[in-house]
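Enquirer: Quick one, entry_3.cif (mmCIF, C-alpha atoms):
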data_run
#
loop_
_atom_site.label_atom_id
_atom_site.label_comp_id
_atom_site.auth_asym_id
_atom_site.auth_seq_id
_atom_site.Cartn_x
_atom_site.Cartn_y
_atom_site.Cartn_z
CA MET J 1 -93.45 -6.30 -35.73
CA ARG J 2 -91.60 -5.72 -32.50
CA ILE J 3 -87.96 -4.74 -32.81
CA ARG J 4 -85.26 -5.97 -30.48
CA ASP J 5 -83.47 -3.15 -28.71
CA GLU J 6 -80.13 -4.00 -27.10
CA ASN J 7 -80.41 -1.17 -24.54
CA LYS J 8 -83.78 -2.41 -23.37
CA ALA J 9 -82.54 -5.99 -23.29
CA GLN J 10 -79.60 -4.89 -21.16
CA ALA J 11 -81.83 -2.94 -18.77
CA ILE J 12 -84.10 -5.95 -18.38
CA ARG J 13 -81.15 -8.25 -17.59
CA GLN J 14 -79.61 -5.78 -15.15
CA LYS J 15 -82.83 -5.14 -13.21
CA ALA J 16 -83.78 -8.82 -13.15
CA ILE J 17 -80.46 -9.62 -11.50
CA GLU J 18 -80.92 -6.83 -8.97
CA ILE J 19 -84.44 -7.90 -8.06
CA VAL J 20 -83.49 -11.56 -7.64
CA VAL J 21 -80.45 -10.65 -5.53
CA GLN J 22 -82.49 -8.35 -3.28
CA ASN J 23 -85.80 -10.22 -3.08
CA GLY J 24 -85.11 -13.77 -4.16
CA LEU J 25 -86.74 -15.69 -6.98
CA ASP J 26 -90.22 -15.28 -5.53
CA GLY J 27 -89.73 -11.52 -5.41
CA LEU J 28 -89.45 -11.33 -9.18
CA SER J 29 -92.47 -10.81 -11.40
CA MET J 30 -92.64 -9.63 -14.98
CA GLN J 31 -94.74 -6.63 -13.90
CA LYS J 32 -92.27 -5.57 -11.25
CA LEU J 33 -89.35 -6.10 -13.60
CA ALA J 34 -91.02 -4.06 -16.34
CA LYS J 35 -91.50 -1.15 -13.98
CA ALA J 36 -87.92 -1.31 -12.70
CA ALA J 37 -86.42 -1.56 -16.19
CA GLY J 38 -88.65 1.15 -17.61
CA VAL J 39 -90.17 -1.08 -20.27
CA SER J 40 -93.62 -2.57 -20.77
CA PRO J 41 -94.27 -6.18 -19.72
CA ALA J 42 -94.89 -6.91 -23.40
CA THR J 43 -91.30 -5.95 -24.18
CA ILE J 44 -89.93 -8.48 -21.71
CA TYR J 45 -91.91 -11.20 -23.42
CA ILE J 46 -90.15 -10.40 -26.69
CA TYR J 47 -86.98 -11.72 -25.14
CA TYR J 48 -88.23 -14.32 -22.71
CA LYS J 49 -91.00 -16.88 -22.88
CA ASP J 50 -91.87 -16.56 -19.20
CA LYS J 51 -90.30 -15.99 -15.81
CA GLU J 52 -88.73 -19.43 -15.71
CA ASP J 53 -87.18 -18.88 -19.13
CA LEU J 54 -85.82 -15.53 -17.98
CA ILE J 55 -84.13 -16.97 -14.90
CA LEU J 56 -82.81 -19.94 -16.81
CA GLN J 57 -81.29 -17.80 -19.55
CA LEU J 58 -79.73 -15.38 -17.07
CA GLY J 59 -78.37 -18.27 -15.03
CA ILE J 60 -76.79 -19.90 -18.06
CA GLU J 61 -75.34 -16.62 -19.25
CA MET J 62 -73.75 -15.94 -15.89
CA SER J 63 -72.43 -19.43 -15.42
CA TYR J 64 -70.70 -19.17 -18.78
CA LYS J 65 -69.19 -15.88 -17.75
CA MET J 66 -67.94 -17.46 -14.54
CA LEU J 67 -66.57 -20.43 -16.45
CA GLU J 68 -64.80 -18.28 -18.97
CA THR J 69 -63.11 -16.27 -16.23
CA SER J 70 -62.18 -19.39 -14.35
CA LEU J 71 -60.49 -21.00 -17.36
CA LYS J 72 -58.56 -17.91 -18.41
CA ASP J 73 -54.83 -18.71 -18.85
CA PHE J 74 -55.52 -22.12 -17.38
CA ASP J 75 -54.29 -25.30 -19.01
CA PRO J 76 -55.35 -28.73 -17.70
CA ASP J 77 -51.80 -29.95 -18.35
CA MET J 78 -50.32 -27.44 -15.91
CA ASN J 79 -48.60 -28.88 -12.88
CA PHE J 80 -50.90 -29.00 -9.90
CA GLU J 81 -49.49 -26.10 -7.90
CA GLU J 82 -49.46 -23.72 -10.83
CA GLY J 83 -52.90 -24.81 -12.03
CA LEU J 84 -54.57 -24.52 -8.65
CA LYS J 85 -53.04 -21.10 -8.12
CA ARG J 86 -54.44 -19.98 -11.49
CA GLN J 87 -57.86 -21.35 -10.49
CA TRP J 88 -57.79 -19.48 -7.21
CA LEU J 89 -56.77 -16.21 -8.85
CA ASN J 90 -59.37 -16.55 -11.59
CA ARG J 91 -62.20 -17.51 -9.27
CA ALA J 92 -61.33 -14.74 -6.81
CA GLU J 93 -61.26 -12.27 -9.68
CA PHE J 94 -64.73 -13.22 -10.80
CA TYR J 95 -66.17 -13.11 -7.30
CA VAL J 96 -64.65 -9.76 -6.54
CA LYS J 97 -65.37 -8.15 -9.92
CA CYS J 98 -68.88 -9.50 -10.49
CA PRO J 99 -70.51 -9.64 -7.05
CA MET J 100 -74.05 -9.25 -8.42
CA GLU J 101 -73.62 -12.19 -10.76
CA VAL J 102 -72.27 -14.30 -7.94
CA LEU J 103 -75.13 -13.39 -5.64
CA PHE J 104 -77.61 -14.16 -8.40
CA ILE J 105 -76.15 -17.63 -8.86
CA GLU J 106 -76.28 -18.10 -5.07
CA GLN J 107 -80.00 -17.26 -5.16
CA ILE J 108 -80.81 -19.82 -7.81
CA ARG J 109 -78.39 -22.51 -6.61
CA TYR J 110 -81.01 -24.31 -4.56
CA SER J 111 -83.90 -23.96 -6.99
CA PRO J 112 -84.90 -26.80 -9.31
CA LEU J 113 -83.89 -24.59 -12.24
CA TYR J 114 -80.26 -24.68 -11.26
CA GLU J 115 -79.80 -28.22 -12.42
CA ARG J 116 -80.81 -27.15 -15.91
CA VAL J 117 -78.34 -24.29 -15.72
CA THR J 118 -75.43 -26.51 -14.72
CA GLU J 119 -76.41 -29.18 -17.21
CA SER J 120 -75.37 -26.90 -20.03
CA ILE J 121 -71.98 -26.03 -18.54
CA LYS J 122 -71.04 -29.07 -16.48
CA LYS J 123 -69.78 -31.14 -19.36
CA GLY J 124 -67.10 -28.83 -20.74
CA PHE J 125 -65.90 -27.65 -17.36
CA GLY J 126 -65.94 -31.13 -15.87
CA GLU J 127 -63.77 -32.41 -18.70
CA VAL J 128 -61.14 -29.72 -18.24
CA MET J 129 -61.00 -29.98 -14.45
CA GLY J 130 -61.13 -33.78 -14.60
CA LYS J 131 -58.16 -33.85 -16.93
CA PHE J 132 -56.26 -31.48 -14.64
CA VAL J 133 -56.88 -33.59 -11.55
CA ARG J 134 -56.18 -36.94 -13.24
CA GLY J 135 -52.94 -35.60 -14.68
CA ALA J 136 -51.82 -34.31 -11.29
CA ILE J 137 -52.57 -37.64 -9.62
CA ALA J 138 -50.70 -39.55 -12.34
CA ARG J 139 -47.66 -37.27 -11.88
CA LYS J 140 -47.90 -37.82 -8.12
CA GLU J 141 -48.50 -34.11 -7.49
CA LEU J 142 -51.89 -34.69 -5.91
CA VAL J 143 -53.18 -37.30 -3.49
CA PRO J 144 -56.16 -39.26 -4.87
CA LEU J 145 -59.34 -38.38 -2.95
CA PRO J 146 -63.11 -38.72 -3.30
CA PHE J 147 -64.38 -35.72 -5.28
CA GLU J 148 -66.16 -34.04 -2.36
CA VAL J 149 -63.11 -34.24 -0.11
CA TYR J 150 -60.85 -32.94 -2.87
CA TRP J 151 -63.18 -30.04 -3.66
CA SER J 152 -63.67 -29.09 -0.02
CA LEU J 153 -59.93 -28.90 0.52
CA ALA J 154 -59.03 -27.35 -2.82
CA PHE J 155 -61.67 -24.64 -3.06
CA ALA J 156 -63.76 -24.16 0.07
CA PRO J 157 -60.98 -22.25 1.89
CA LEU J 158 -60.89 -19.77 -0.98
CA TYR J 159 -64.65 -19.31 -0.97
CA GLN J 160 -64.65 -18.68 2.77
CA LEU J 161 -62.00 -16.00 2.35
CA ILE J 162 -64.08 -14.47 -0.43
CA LYS J 163 -67.10 -14.51 1.85
CA PHE J 164 -65.18 -12.64 4.55
CA HIS J 165 -63.95 -10.27 1.87
CA SER J 166 -67.40 -9.50 0.53
CA HIS J 167 -68.74 -8.98 4.06
CA GLY J 168 -65.76 -6.69 4.63
CA LYS J 169 -65.29 -8.23 8.05
CA SER J 170 -64.75 -11.50 9.86
CA TYR J 171 -65.73 -12.94 13.25
CA VAL J 172 -62.88 -11.18 15.01
CA ASN J 173 -61.85 -8.30 12.77
CA PRO J 174 -64.25 -5.44 12.11
CA GLU J 175 -62.44 -4.90 8.82
CA PHE J 176 -61.16 -7.50 6.41
CA SER J 177 -60.18 -7.44 2.82
CA MET J 178 -58.52 -10.27 0.97
CA ASN J 179 -55.27 -9.58 -0.83
CA GLU J 180 -52.87 -11.81 -2.71
CA GLU J 181 -50.77 -12.29 0.40
CA THR J 182 -53.70 -13.65 2.43
CA MET J 183 -54.70 -15.83 -0.47
CA ASN J 184 -51.20 -17.23 -0.97
CA LEU J 185 -50.93 -18.02 2.72
CA ALA J 186 -54.07 -20.17 2.55
CA LEU J 187 -53.15 -21.64 -0.82
CA LYS J 188 -49.74 -22.75 0.45
CA LEU J 189 -51.38 -24.76 3.24
CA VAL J 190 -53.97 -26.21 0.89
CA LEU J 191 -51.24 -27.37 -1.48
CA LYS J 192 -49.33 -28.86 1.43
CA ALA J 193 -52.40 -30.83 2.47
CA LEU J 194 -53.05 -32.14 -1.03
CA ARG J 195 -49.47 -33.24 -1.74
CA PRO J 196 -49.01 -37.05 -1.61
CA MET P 1 -76.38 -19.32 -52.36
CA THR P 2 -78.62 -19.64 -49.37
CA SER P 3 -77.99 -16.05 -48.27
CA ASP P 4 -79.95 -14.84 -51.31
CA ILE P 5 -83.12 -16.45 -50.05
CA PRO P 6 -84.92 -13.94 -47.83
CA HIS P 7 -85.25 -15.22 -44.31
CA PRO P 8 -88.84 -15.19 -43.04
CA VAL P 9 -89.18 -12.76 -40.16
CA LYS P 10 -90.69 -14.21 -37.03
CA ASP P 11 -93.21 -12.13 -35.15
CA ILE P 12 -93.76 -12.35 -31.43
CA TRP P 13 -97.16 -11.24 -30.21
CA VAL P 14 -98.01 -10.79 -26.57
CA PHE P 15 -101.55 -10.77 -25.17
CA LYS P 16 -103.24 -10.20 -21.87
CA THR P 17 -105.75 -12.99 -21.25
CA ASN P 18 -107.78 -14.71 -18.56
CA LEU P 19 -106.31 -18.12 -19.27
CA ARG P 20 -105.77 -18.74 -15.60
CA LEU P 21 -105.97 -22.45 -15.13
CA GLN P 22 -104.35 -25.44 -16.70
CA SER P 23 -107.84 -26.44 -17.90
CA ASP P 24 -108.22 -23.09 -19.69
CA ILE P 25 -104.96 -23.67 -21.46
CA ARG P 26 -105.95 -27.20 -22.39
CA ARG P 27 -109.09 -25.80 -24.01
CA ILE P 28 -107.27 -23.43 -26.32
CA GLU P 29 -104.46 -25.89 -26.99
CA PRO P 30 -106.08 -27.69 -29.96
CA ILE P 31 -107.21 -24.37 -31.43
CA LEU P 32 -103.79 -22.75 -31.40
CA ASN P 33 -101.95 -25.95 -32.29
CA SER P 34 -104.06 -26.35 -35.40
CA GLN P 35 -102.82 -23.01 -36.76
CA SER P 36 -99.90 -23.84 -39.01
CA ALA P 37 -98.81 -20.18 -38.97
CA ILE P 38 -98.13 -20.40 -35.22
CA VAL P 39 -94.64 -21.71 -34.56
CA ARG P 40 -94.76 -21.74 -30.79
CA TRP P 41 -96.97 -20.40 -28.04
CA ASN P 42 -97.19 -20.43 -24.26
CA VAL P 43 -99.12 -18.89 -21.40
CA ASP P 44 -97.18 -17.47 -18.47
CA GLN P 45 -99.31 -18.73 -15.62
CA GLU P 46 -97.18 -17.00 -13.02
CA ASP P 47 -98.06 -13.61 -14.44
CA THR P 48 -101.03 -11.56 -13.25
CA ASP P 49 -101.96 -10.82 -16.86
CA ASN P 50 -101.86 -14.51 -17.82
CA VAL P 51 -99.74 -13.49 -20.74
CA LEU P 52 -100.20 -15.46 -23.93
CA ARG P 53 -97.08 -15.31 -26.08
CA VAL P 54 -97.26 -16.37 -29.71
CA GLU P 55 -94.38 -16.80 -32.13
CA SER P 56 -95.48 -16.91 -35.73
CA TYR P 57 -94.41 -16.16 -39.27
CA SER P 58 -97.61 -14.77 -40.67
CA ILE P 59 -100.55 -14.73 -38.29
CA PRO P 60 -101.86 -11.22 -37.52
CA PRO P 61 -102.53 -10.50 -33.84
CA GLN P 62 -106.22 -9.88 -34.56
CA GLU P 63 -106.49 -13.49 -35.70
CA VAL P 64 -105.07 -14.79 -32.40
CA ILE P 65 -107.46 -12.56 -30.44
CA HIS P 66 -110.33 -13.83 -32.53
CA LEU P 67 -109.41 -17.49 -31.93
CA VAL P 68 -109.06 -17.09 -28.17
CA LYS P 69 -112.27 -15.07 -27.88
CA GLN P 70 -114.13 -17.66 -29.89
CA ALA P 71 -113.17 -20.22 -27.27
CA GLY P 72 -114.85 -17.98 -24.70
CA TYR P 73 -111.86 -16.19 -23.19
CA PHE P 74 -110.70 -12.62 -22.86
CA CYS P 75 -107.73 -11.63 -25.01
CA GLU P 76 -106.23 -8.29 -25.90
CA GLU P 77 -102.83 -7.23 -27.17
CA LEU P 78 -100.45 -6.00 -24.48
CA PRO P 79 -99.32 -2.51 -25.41
CA ASP P 80 -95.62 -1.78 -25.90
#
Please rewrite the model in this file as structure tokens.

Expert:
Amino acid sequence: MRIRDENKAQAIRQKAIEIVVQNGLDGLSMQKLAKAAGVSPATIYIYYKDKEDLILQLGIEMSYKMLETSLKDFDPDMNFEEGLKRQWLNRAEFYVKCPMEVLFIEQIRYSPLYERVTESIKKGFGEVMGKFVRGAIARKELVPLPFEVYWSLAFAPLYQLIKFHSHGKSYVNPEFSMNEETMNLALKLVLKALRP
Amino acid sequence: MTSDIPHPVKDIWVFKTNLRLQSDIRRIEPILNSQSAIVRWNVDQEDTDNVLRVESYSIPPQEVIHLVKQAGYFCEELPD
């Protein structure tokens, strides 16, 4: 009987993330992962059915982590300004604190597996954010927009700032790091644009 | 009390095989499916060792090796 070992399981997860981030999904094989994690291929198969199962499980785990962070201290009944600010802070926190996880999700985002990852999280998250947006529109705090337009205005500016932050530079400045001041400056303009 | 009933322990066995093609897998499918002791099994076709993974409650690994070999394929336990 093979025994589960939490340290080995952790090493496998950690190395799998690193390999996918560095070499993409095609760069990952069970053999390579076993070598990197210091375990035998057989050990990996105790935890995962196959490579697809491994990526799927890691993707779901990380998406939940992201979701949890993003919903921390957030209430869908918050007024729009307060709620969006919370969302920005939470999302920025996750992206800055867990860069490997974020890069991993970026790697799998355009693979067919990703749909199965989001399937498991979309429902709960969609309900919370949907309630938040509908409430804000009803209270006339937010202009009604098609989803894609709303999302692009509400979140894309934040993600671009995060991108500059993680590169540590922008097109004009050799050094850039995002702070709350920079974020608030962008958020203020976003809120202004979304006000009815 | 259900907690007094001992929970059966599930074994996971992992084998190196030469089940390379979908047709190879189709050939062992009825053999492995007919084993009531096997709960679930799959072959990782992306792996160089064509790993056969078997979840079962009571089948010894030697029995799995025997079944696969009988069908004309290579099969040996992957070492830990």

Enquirer: Could you tell me which residues of chain P sit within 7 Å of chain J when counting all atoms listed in the file, and give me the result as a ChimeraX atom specification?

Expert: /P:11-12,14,44,47,78-80

Enquirer: When the PyMOL selection byres ((chain P and resi 62-68) around 12) is applied to the structure above, which residues does it catch, written out as a ChimeraX atom specification?

Expert: /P:12-19,24-25,27-35,37-38,41,52-56,58-61,69-78

Enquirer: If you apply the PyMOL selection byres ((chain J and resi 14) around 12) to this file, what residues do you get, as an NGL selection string?

Expert: :J and (7-13 or 15-21 or 33-34 or 36-38 or 54 or 58 or 62 or 100-101 or 104)

Enquirer: Rounded to one decimal place, report the CA of Phe80 (chain J)-CA of Arg139 (chain J) distance in Å.

Expert: 9.1 Å

Enquirer: Run the PyMOL selection byres ((chain J and resi 107) around 10) mentally over the shown coordinates, then write out the matched residues as a ChimeraX atom specification, using the chain letters and numbers from the document.

Expert: /J:17,20-25,101-106,108-111,114

Enquirer: For CA of Lys131 (chain J) and CA of Glu61 (chain J), determine how far apart the two atoms are, in Å to one decimal place.

Expert: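 The value is 24.4 Å.
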
Enquirer: Excluding Val117 (chain J) and residues on its chain fewer than 4 positions from it, collect all residues at most 8 Å away from it, counting all atoms listed in the file, and give them as a compact mmCIF listing (two decimals) with C-alpha atoms, keeping the file's coordinate frame.

Expert:
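Dumped to selection-v1.txt:
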# COMPACT_ATOMS: atom_id res chain seq x y z
CA LEU J 56 -82.81 -19.94 -16.81
CA GLY J 59 -78.37 -18.27 -15.03
CA ILE J 60 -76.79 -19.90 -18.06
CA SER J 63 -72.43 -19.43 -15.42
CA LEU J 113 -83.89 -24.59 -12.24
CA ILE J 121 -71.98 -26.03 -18.54

Enquirer: When you draw a straight line from CA of Ser166 (chain J) to CA of Ser70 (chain J), how long is it in Å?

Expert: 18.6 Å

Enquirer: Return as JSON the box centre and box size in Å, one decimal, for an axis-aligned box around all listed atoms of region 29-41 of chain P padded by 6 Å per side.

Expert:
{"center_x": -100.9, "center_y": -23.9, "center_z": -33.0, "size_x": 24.6, "size_y": 19.5, "size_z": 24.0}

Enquirer: Some atoms are missing, so please complete region 61-72 of chain P with all heavy atoms and return it as a PDB file, in the coordinates of the input.

Expert:
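Dumped to out-v3.pdb:
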ATOM      1  N   PRO P  61    -102.079 -10.394 -35.226  1.00  0.00           N
ATOM      2  CA  PRO P  61    -102.530 -10.500 -33.840  1.00  0.00           C
ATOM      3  C   PRO P  61    -104.053 -10.553 -33.715  1.00  0.00           C
ATOM      4  O   PRO P  61    -104.579 -11.219 -32.819  1.00  0.00           O
ATOM      5  CB  PRO P  61    -101.956  -9.241 -33.184  1.00  0.00           C
ATOM      6  CG  PRO P  61    -101.501  -8.353 -34.278  1.00  0.00           C
ATOM      7  CD  PRO P  61    -101.215  -9.215 -35.457  1.00  0.00           C
ATOM      8  N   GLN P  62    -104.751  -9.875 -34.614  1.00  0.00           N
ATOM      9  CA  GLN P  62    -106.220  -9.880 -34.560  1.00  0.00           C
ATOM     10  C   GLN P  62    -106.759 -11.312 -34.687  1.00  0.00           C
ATOM     11  O   GLN P  62    -107.774 -11.655 -34.090  1.00  0.00           O
ATOM     12  CB  GLN P  62    -106.819  -9.026 -35.700  1.00  0.00           C
ATOM     13  CG  GLN P  62    -106.501  -7.545 -35.632  1.00  0.00           C
ATOM     14  CD  GLN P  62    -105.081  -7.225 -36.139  1.00  0.00           C
ATOM     15  OE1 GLN P  62    -104.407  -8.096 -36.687  1.00  0.00           O
ATOM     16  NE2 GLN P  62    -104.618  -6.008 -35.904  1.00  0.00           N
ATOM     17  N   GLU P  63    -106.054 -12.119 -35.479  1.00  0.00           N
ATOM     18  CA  GLU P  63    -106.490 -13.490 -35.700  1.00  0.00           C
ATOM     19  C   GLU P  63    -106.362 -14.308 -34.393  1.00  0.00           C
ATOM     20  O   GLU P  63    -107.233 -15.090 -34.050  1.00  0.00           O
ATOM     21  CB  GLU P  63    -105.643 -14.107 -36.827  1.00  0.00           C
ATOM     22  CG  GLU P  63    -105.980 -15.549 -37.190  1.00  0.00           C
ATOM     23  CD  GLU P  63    -107.382 -15.735 -37.757  1.00  0.00           C
ATOM     24  OE1 GLU P  63    -107.988 -14.743 -38.210  1.00  0.00           O
ATOM     25  OE2 GLU P  63    -107.869 -16.879 -37.719  1.00  0.00           O
ATOM     26  N   VAL P  64    -105.265 -14.082 -33.673  1.00  0.00           N
ATOM     27  CA  VAL P  64    -105.070 -14.790 -32.400  1.00  0.00           C
ATOM     28  C   VAL P  64    -106.170 -14.375 -31.419  1.00  0.00           C
ATOM     29  O   VAL P  64    -106.789 -15.213 -30.750  1.00  0.00           O
ATOM     30  CB  VAL P  64    -103.681 -14.479 -31.800  1.00  0.00           C
ATOM     31  CG1 VAL P  64    -103.519 -15.157 -30.446  1.00  0.00           C
ATOM     32  CG2 VAL P  64    -102.576 -14.911 -32.754  1.00  0.00           C
ATOM     33  N   ILE P  65    -106.427 -13.067 -31.348  1.00  0.00           N
ATOM     34  CA  ILE P  65    -107.460 -12.560 -30.440  1.00  0.00           C
ATOM     35  C   ILE P  65    -108.813 -13.189 -30.791  1.00  0.00           C
ATOM     36  O   ILE P  65    -109.533 -13.666 -29.900  1.00  0.00           O
ATOM     37  CB  ILE P  65    -107.546 -11.007 -30.544  1.00  0.00           C
ATOM     38  CG1 ILE P  65    -106.240 -10.390 -30.011  1.00  0.00           C
ATOM     39  CG2 ILE P  65    -108.750 -10.473 -29.760  1.00  0.00           C
ATOM     40  CD1 ILE P  65    -106.128  -8.888 -30.186  1.00  0.00           C
ATOM     41  N   HIS P  66    -109.080 -13.241 -32.062  1.00  0.00           N
ATOM     42  CA  HIS P  66    -110.330 -13.830 -32.530  1.00  0.00           C
ATOM     43  C   HIS P  66    -110.459 -15.300 -32.089  1.00  0.00           C
ATOM     44  O   HIS P  66    -111.491 -15.722 -31.572  1.00  0.00           O
ATOM     45  CB  HIS P  66    -110.398 -13.698 -34.058  1.00  0.00           C
ATOM     46  CG  HIS P  66    -111.600 -14.341 -34.682  1.00  0.00           C
ATOM     47  ND1 HIS P  66    -112.866 -13.808 -34.545  1.00  0.00           N
ATOM     48  CD2 HIS P  66    -111.731 -15.485 -35.406  1.00  0.00           C
ATOM     49  CE1 HIS P  66    -113.731 -14.595 -35.178  1.00  0.00           C
ATOM     50  NE2 HIS P  66    -113.073 -15.620 -35.706  1.00  0.00           N
ATOM     51  N   LEU P  67    -109.389 -16.058 -32.275  1.00  0.00           N
ATOM     52  CA  LEU P  67    -109.410 -17.490 -31.930  1.00  0.00           C
ATOM     53  C   LEU P  67    -109.637 -17.706 -30.436  1.00  0.00           C
ATOM     54  O   LEU P  67    -110.421 -18.562 -30.026  1.00  0.00           O
ATOM     55  CB  LEU P  67    -108.088 -18.145 -32.344  1.00  0.00           C
ATOM     56  CG  LEU P  67    -107.848 -18.309 -33.853  1.00  0.00           C
ATOM     57  CD1 LEU P  67    -106.398 -18.688 -34.120  1.00  0.00           C
ATOM     58  CD2 LEU P  67    -108.786 -19.369 -34.423  1.00  0.00           C
ATOM     59  N   VAL P  68    -108.948 -16.910 -29.625  1.00  0.00           N
ATOM     60  CA  VAL P  68    -109.060 -17.090 -28.170  1.00  0.00           C
ATOM     61  C   VAL P  68    -110.452 -16.658 -27.701  1.00  0.00           C
ATOM     62  O   VAL P  68    -111.085 -17.319 -26.865  1.00  0.00           O
ATOM     63  CB  VAL P  68    -107.949 -16.311 -27.427  1.00  0.00           C
ATOM     64  CG1 VAL P  68    -108.132 -16.411 -25.921  1.00  0.00           C
ATOM     65  CG2 VAL P  68    -106.579 -16.831 -27.829  1.00  0.00           C
ATOM     66  N   LYS P  69    -110.941 -15.556 -28.261  1.00  0.00           N
ATOM     67  CA  LYS P  69    -112.270 -15.070 -27.880  1.00  0.00           C
ATOM     68  C   LYS P  69    -113.354 -16.059 -28.271  1.00  0.00           C
ATOM     69  O   LYS P  69    -114.328 -16.243 -27.542  1.00  0.00           O
ATOM     70  CB  LYS P  69    -112.532 -13.695 -28.507  1.00  0.00           C
ATOM     71  CG  LYS P  69    -111.843 -12.571 -27.742  1.00  0.00           C
ATOM     72  CD  LYS P  69    -112.288 -11.216 -28.239  1.00  0.00           C
ATOM     73  CE  LYS P  69    -111.822 -10.109 -27.279  1.00  0.00           C
ATOM     74  NZ  LYS P  69    -111.986  -8.783 -27.872  1.00  0.00           N
ATOM     75  N   GLN P  70    -113.157 -16.670 -29.429  1.00  0.00           N
ATOM     76  CA  GLN P  70    -114.130 -17.660 -29.890  1.00  0.00           C
ATOM     77  C   GLN P  70    -114.254 -18.829 -28.915  1.00  0.00           C
ATOM     78  O   GLN P  70    -115.315 -19.429 -28.780  1.00  0.00           O
ATOM     79  CB  GLN P  70    -113.710 -18.197 -31.264  1.00  0.00           C
ATOM     80  CG  GLN P  70    -114.756 -17.919 -32.326  1.00  0.00           C
ATOM     81  CD  GLN P  70    -114.350 -18.470 -33.676  1.00  0.00           C
ATOM     82  OE1 GLN P  70    -113.319 -19.109 -33.830  1.00  0.00           O
ATOM     83  NE2 GLN P  70    -115.189 -18.225 -34.659  1.00  0.00           N
ATOM     84  N   ALA P  71    -113.161 -19.130 -28.254  1.00  0.00           N
ATOM     85  CA  ALA P  71    -113.170 -20.220 -27.270  1.00  0.00           C
ATOM     86  C   ALA P  71    -113.778 -19.751 -25.947  1.00  0.00           C
ATOM     87  O   ALA P  71    -113.887 -20.522 -24.996  1.00  0.00           O
ATOM     88  CB  ALA P  71    -111.754 -20.730 -27.061  1.00  0.00           C
ATOM     89  N   GLY P  72    -114.161 -18.484 -25.883  1.00  0.00           N
ATOM     90  CA  GLY P  72    -114.850 -17.980 -24.700  1.00  0.00           C
ATOM     91  C   GLY P  72    -113.958 -17.267 -23.700  1.00  0.00           C
ATOM     92  O   GLY P  72    -114.332 -17.090 -22.544  1.00  0.00           O
TER      93      GLY P  72
END
